[in-house]
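Below is one structure, written out as structure tokens; comments come after it.
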Amino acid sequence: MKIGEFAQLGQVSVRMLRHYESMDLLTPDSVDPFTGHRSYTVAQLPRLNRIMALNALGIPLRKIAELLDADLSTTELTGMLNLRRHQLRAEQSAAAAKLAEVEFRLALIEGTDMSHPDCIIKELPPERVLGQTVVLGEPPFDTSEIGPLFGSVADRLAEAGVRHSAGVGIYSDAGHGTEVTCGYRTEATQGIADLQVTELKSCTAAPLIHEGSMTRIGASWQHLSEWCISQGYSLTGPCREIYLETGDNAASDTSVQAGWIVELQQPIIV
């Protein structure tokens with residue numbers, strides 16, 4: 001096949017194939033002595049894939065030639081690629097954590113786009129929440145598993161035929177981290193498989209309505225805490241988030257959170 005056809009088959013550019021040829025990494029199957037046109041065969045595709053895979057590992061092209069000449073086995077190559085995949089995922093996770101820290105601090109510095117009036121004090125009645133609990137690390141929290149956990153709980157409740165209302169996030173200091181219960185208000189008195197009942201006692205609390213993306217909810221929580229302290233109240237727990245409006249989407253994608261309405265509830269000691 002012509003060089004352009006082989007390039008399309010191998011998902012590389014013609015320029016890259018010519019570069020590989022110049023380094024004796026992948027020479028054409030034949031070259032027309034009169035026109036200079038290069039031709040390749042399907043049998044050369046595995047070698048091209050190996051070159052591209054090793055290059056993706058960051059191995060220099062000259063070193064790749066040595067590895068190919070040493071007849072690197074498929075098992076060895078896949079092992080190297082799997083190791084690199086784990087490394088890239090770790091780097092991606094670290095980058096996501098750094099981005100979350102920047103967004104969190106930016107929100108605290110800028111404040112939110114909401115107008116925060118003075119908070120009010122109200123009595124919260126006792127309520128029952130059916131859900132699952134996860135322990136997060138130090139703030140700013142990696143909340144990537146929170147949205148899916150709410151979805152998982154909702155699915156389990158639907159399967160069990162348990163009626164429920166608003167979603168509730170319960171945040172407690174567990175000593176070794178922050179314990180978060182993701183669940184829904186319900187009248188059910190017993191847990192079901194993989195879910196537990198959390199009984200919230202009546203308490204005095206300062207509430208605040210947060211609207212919009214959850215990436216800026218930290219600023220709302222900080223405002224609420226500052227207001228409580230400025231009024232002479234002592235903060236206690238557990239803190240609660242009541243998801244009053246999230247549409248039909250419980251995902252953590254910020255693009256679908258513009259219309260979210262969440263009531264923050266900070267228990268206090270008057």
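Ligands are numbered from 1 in the order shown, chains are lettered A, B, ... in the order of the structure tokens, and residues start at 1 in each chain.
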
Find the spatial neighbours of region 48-57 of chain A, counting only C-alpha atoms, within a cut-off of 8 Å - ignore same-chain residues fewer than 3 positions away - and output them as a PDB file with all heavy atoms, in the first residue's frame.
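Written out: part.pdb:
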```
ATOM      1  N   GLY A  10      -2.155   3.167  10.229  1.00  0.00           N
ATOM      2  CA  GLY A  10      -1.419   3.162  11.493  1.00  0.00           C
ATOM      3  C   GLY A  10      -1.702   4.343  12.395  1.00  0.00           C
ATOM      4  O   GLY A  10      -1.146   4.433  13.493  1.00  0.00           O
ATOM      5  N   LEU A  25      14.135   2.908  11.791  1.00  0.00           N
ATOM      6  CA  LEU A  25      13.204   2.259  12.704  1.00  0.00           C
ATOM      7  C   LEU A  25      12.166   1.448  11.937  1.00  0.00           C
ATOM      8  O   LEU A  25      11.779   0.357  12.364  1.00  0.00           O
ATOM      9  CB  LEU A  25      12.489   3.313  13.552  1.00  0.00           C
ATOM     10  CG  LEU A  25      13.178   3.769  14.837  1.00  0.00           C
ATOM     11  CD1 LEU A  25      12.408   4.920  15.460  1.00  0.00           C
ATOM     12  CD2 LEU A  25      13.287   2.625  15.823  1.00  0.00           C
ATOM     13  N   LEU A  26      11.700   2.009  10.842  1.00  0.00           N
ATOM     14  CA  LEU A  26      10.674   1.336  10.045  1.00  0.00           C
ATOM     15  C   LEU A  26      10.903   1.718   8.587  1.00  0.00           C
ATOM     16  O   LEU A  26      10.548   2.814   8.150  1.00  0.00           O
ATOM     17  CB  LEU A  26       9.273   1.766  10.492  1.00  0.00           C
ATOM     18  CG  LEU A  26       8.099   1.079   9.777  1.00  0.00           C
ATOM     19  CD1 LEU A  26       8.101  -0.425  10.090  1.00  0.00           C
ATOM     20  CD2 LEU A  26       6.773   1.695  10.202  1.00  0.00           C
ATOM     21  N   GLN A  44       3.745  -4.919   8.471  1.00  0.00           N
ATOM     22  CA  GLN A  44       4.613  -3.966   9.171  1.00  0.00           C
ATOM     23  C   GLN A  44       3.875  -3.206  10.277  1.00  0.00           C
ATOM     24  O   GLN A  44       4.495  -2.472  11.038  1.00  0.00           O
ATOM     25  CB  GLN A  44       5.206  -2.968   8.163  1.00  0.00           C
ATOM     26  CG  GLN A  44       6.184  -3.600   7.183  1.00  0.00           C
ATOM     27  CD  GLN A  44       6.701  -2.580   6.185  1.00  0.00           C
ATOM     28  OE1 GLN A  44       6.000  -2.208   5.246  1.00  0.00           O
ATOM     29  NE2 GLN A  44       7.936  -2.117   6.401  1.00  0.00           N
ATOM     30  N   LEU A  45       2.566  -3.382  10.342  1.00  0.00           N
ATOM     31  CA  LEU A  45       1.760  -2.652  11.327  1.00  0.00           C
ATOM     32  C   LEU A  45       2.148  -2.969  12.773  1.00  0.00           C
ATOM     33  O   LEU A  45       2.248  -2.053  13.601  1.00  0.00           O
ATOM     34  CB  LEU A  45       0.271  -2.924  11.091  1.00  0.00           C
ATOM     35  CG  LEU A  45      -0.708  -2.060  11.894  1.00  0.00           C
ATOM     36  CD1 LEU A  45      -0.508  -0.579  11.581  1.00  0.00           C
ATOM     37  CD2 LEU A  45      -2.154  -2.478  11.574  1.00  0.00           C
ATOM     38  N   PRO A  60      13.468   7.424  24.110  1.00  0.00           N
ATOM     39  CA  PRO A  60      14.033   8.048  22.903  1.00  0.00           C
ATOM     40  C   PRO A  60      14.010   7.103  21.715  1.00  0.00           C
ATOM     41  O   PRO A  60      14.126   5.879  21.880  1.00  0.00           O
ATOM     42  CB  PRO A  60      15.470   8.388  23.320  1.00  0.00           C
ATOM     43  CG  PRO A  60      15.439   8.428  24.813  1.00  0.00           C
ATOM     44  CD  PRO A  60      14.422   7.413  25.233  1.00  0.00           C
ATOM     45  N   LEU A  61      13.877   7.659  20.521  1.00  0.00           N
ATOM     46  CA  LEU A  61      13.755   6.831  19.323  1.00  0.00           C
ATOM     47  C   LEU A  61      14.985   5.938  19.120  1.00  0.00           C
ATOM     48  O   LEU A  61      14.850   4.791  18.682  1.00  0.00           O
ATOM     49  CB  LEU A  61      13.535   7.716  18.102  1.00  0.00           C
ATOM     50  CG  LEU A  61      12.186   8.449  18.049  1.00  0.00           C
ATOM     51  CD1 LEU A  61      12.079   9.291  16.792  1.00  0.00           C
ATOM     52  CD2 LEU A  61      11.028   7.459  18.111  1.00  0.00           C
ATOM     53  N   ILE A  64      14.600   3.035  21.249  1.00  0.00           N
ATOM     54  CA  ILE A  64      13.531   2.165  20.746  1.00  0.00           C
ATOM     55  C   ILE A  64      14.092   1.180  19.738  1.00  0.00           C
ATOM     56  O   ILE A  64      13.726   0.001  19.718  1.00  0.00           O
ATOM     57  CB  ILE A  64      12.409   3.009  20.113  1.00  0.00           C
ATOM     58  CG1 ILE A  64      11.634   3.750  21.209  1.00  0.00           C
ATOM     59  CG2 ILE A  64      11.455   2.131  19.296  1.00  0.00           C
ATOM     60  CD1 ILE A  64      10.567   4.682  20.677  1.00  0.00           C
ATOM     61  N   LEU A  77       6.290  -5.621  26.830  1.00  0.00           N
ATOM     62  CA  LEU A  77       5.799  -4.337  26.347  1.00  0.00           C
ATOM     63  C   LEU A  77       4.510  -3.928  27.051  1.00  0.00           C
ATOM     64  O   LEU A  77       4.359  -2.790  27.498  1.00  0.00           O
ATOM     65  CB  LEU A  77       5.565  -4.398  24.833  1.00  0.00           C
ATOM     66  CG  LEU A  77       5.041  -3.118  24.176  1.00  0.00           C
ATOM     67  CD1 LEU A  77       5.965  -1.944  24.458  1.00  0.00           C
ATOM     68  CD2 LEU A  77       4.871  -3.317  22.675  1.00  0.00           C
ATOM     69  N   MET A  80       5.237  -2.740  30.536  1.00  0.00           N
ATOM     70  CA  MET A  80       5.772  -1.378  30.556  1.00  0.00           C
ATOM     71  C   MET A  80       4.662  -0.355  30.351  1.00  0.00           C
ATOM     72  O   MET A  80       4.624   0.688  31.009  1.00  0.00           O
ATOM     73  CB  MET A  80       6.835  -1.231  29.471  1.00  0.00           C
ATOM     74  CG  MET A  80       8.091  -2.062  29.713  1.00  0.00           C
ATOM     75  SD  MET A  80       9.188  -2.123  28.268  1.00  0.00           S
ATOM     76  CE  MET A  80       9.717  -0.416  28.170  1.00  0.00           C
ATOM     77  N   LEU A  81       3.739  -0.661  29.443  1.00  0.00           N
ATOM     78  CA  LEU A  81       2.632   0.257  29.171  1.00  0.00           C
ATOM     79  C   LEU A  81       1.688   0.352  30.366  1.00  0.00           C
ATOM     80  O   LEU A  81       1.188   1.429  30.699  1.00  0.00           O
ATOM     81  CB  LEU A  81       1.861  -0.192  27.928  1.00  0.00           C
ATOM     82  CG  LEU A  81       2.561   0.057  26.586  1.00  0.00           C
ATOM     83  CD1 LEU A  81       1.795  -0.626  25.463  1.00  0.00           C
ATOM     84  CD2 LEU A  81       2.696   1.542  26.308  1.00  0.00           C
ATOM     85  N   ARG A  84       3.263   2.556  32.928  1.00  0.00           N
ATOM     86  CA  ARG A  84       3.158   3.967  32.544  1.00  0.00           C
ATOM     87  C   ARG A  84       1.740   4.478  32.726  1.00  0.00           C
ATOM     88  O   ARG A  84       1.531   5.631  33.133  1.00  0.00           O
ATOM     89  CB  ARG A  84       3.588   4.130  31.086  1.00  0.00           C
ATOM     90  CG  ARG A  84       3.572   5.564  30.568  1.00  0.00           C
ATOM     91  CD  ARG A  84       4.402   6.481  31.444  1.00  0.00           C
ATOM     92  NE  ARG A  84       4.450   7.824  30.940  1.00  0.00           N
ATOM     93  CZ  ARG A  84       4.760   8.891  31.649  1.00  0.00           C
ATOM     94  NH1 ARG A  84       5.069   8.749  32.939  1.00  0.00           N
ATOM     95  NH2 ARG A  84       4.784  10.083  31.105  1.00  0.00           N
TER      96      ARG A  84
END
```

- Item | Backbone-only DSSP, strand (DSSP E or B) members of region 16-199 of chain A, as a PyMOL selection string | chain A and resi 30-31+38-39+122-124+127-136+164-173+178-186+196-199

- A:Leu83, A:Leu208, A:Leu235, A:Ala174: which is nearest Gln265 (chain A), counting only C-alpha atoms?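 Smallest separation from Gln265 (chain A) among the options: A:Leu208.
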
- Nearest-residue call for Ile170 (chain A), choices A:Ala158, A:Leu200, A:Ala206, A:Cys119, using only C-alpha atoms: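 Of A:Ala158, A:Leu200, A:Ala206, A:Cys119, the one nearest Ile170 (chain A), counting only C-alpha atoms, is A:Leu200.
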
- Task: For Asp194 (chain A), please output as a ChimeraX atom specification all residues within 12 Å (counting only C-alpha atoms; exclusion window: fewer than 6 positions along the same chain).
- Result: /A:130-133,149,152-157,160,183

Go ahead and save the picked residues with N, CA and C atoms, as a compact mmCIF listing (two decimals), in the first residue's frame.
```txt
# COMPACT_ATOMS: atom_id res chain seq x y z
N LEU A 130 -31.11 7.62 55.23
CA LEU A 130 -30.68 6.29 54.83
C LEU A 130 -29.62 6.46 53.75
N GLY A 131 -28.41 5.96 54.00
CA GLY A 131 -27.36 6.19 53.02
C GLY A 131 -26.10 5.39 53.27
N GLN A 132 -25.00 5.88 52.71
CA GLN A 132 -23.70 5.25 52.86
C GLN A 132 -22.69 6.29 53.34
N THR A 133 -21.64 5.82 53.99
CA THR A 133 -20.65 6.73 54.58
C THR A 133 -19.27 6.49 54.00
N LEU A 149 -21.69 8.29 44.82
CA LEU A 149 -22.21 7.61 46.00
C LEU A 149 -23.69 7.94 46.19
N SER A 152 -25.53 5.84 43.75
CA SER A 152 -25.59 4.45 44.18
C SER A 152 -26.67 4.24 45.23
N VAL A 153 -26.74 5.18 46.20
CA VAL A 153 -27.75 5.08 47.25
C VAL A 153 -29.15 5.20 46.66
N ALA A 154 -29.34 6.14 45.75
CA ALA A 154 -30.65 6.32 45.11
C ALA A 154 -31.08 5.05 44.38
N ASP A 155 -30.12 4.41 43.71
CA ASP A 155 -30.43 3.17 42.99
C ASP A 155 -30.86 2.07 43.97
N ARG A 156 -30.15 1.96 45.11
CA ARG A 156 -30.48 0.92 46.09
C ARG A 156 -31.87 1.17 46.68
N LEU A 157 -32.18 2.43 46.95
CA LEU A 157 -33.51 2.75 47.49
C LEU A 157 -34.60 2.42 46.49
N ALA A 160 -35.20 -1.28 46.35
CA ALA A 160 -35.88 -1.78 47.55
C ALA A 160 -37.29 -1.21 47.70
N GLY A 183 -26.90 10.40 51.72
CA GLY A 183 -28.16 9.67 51.79
C GLY A 183 -29.36 10.53 51.49
```
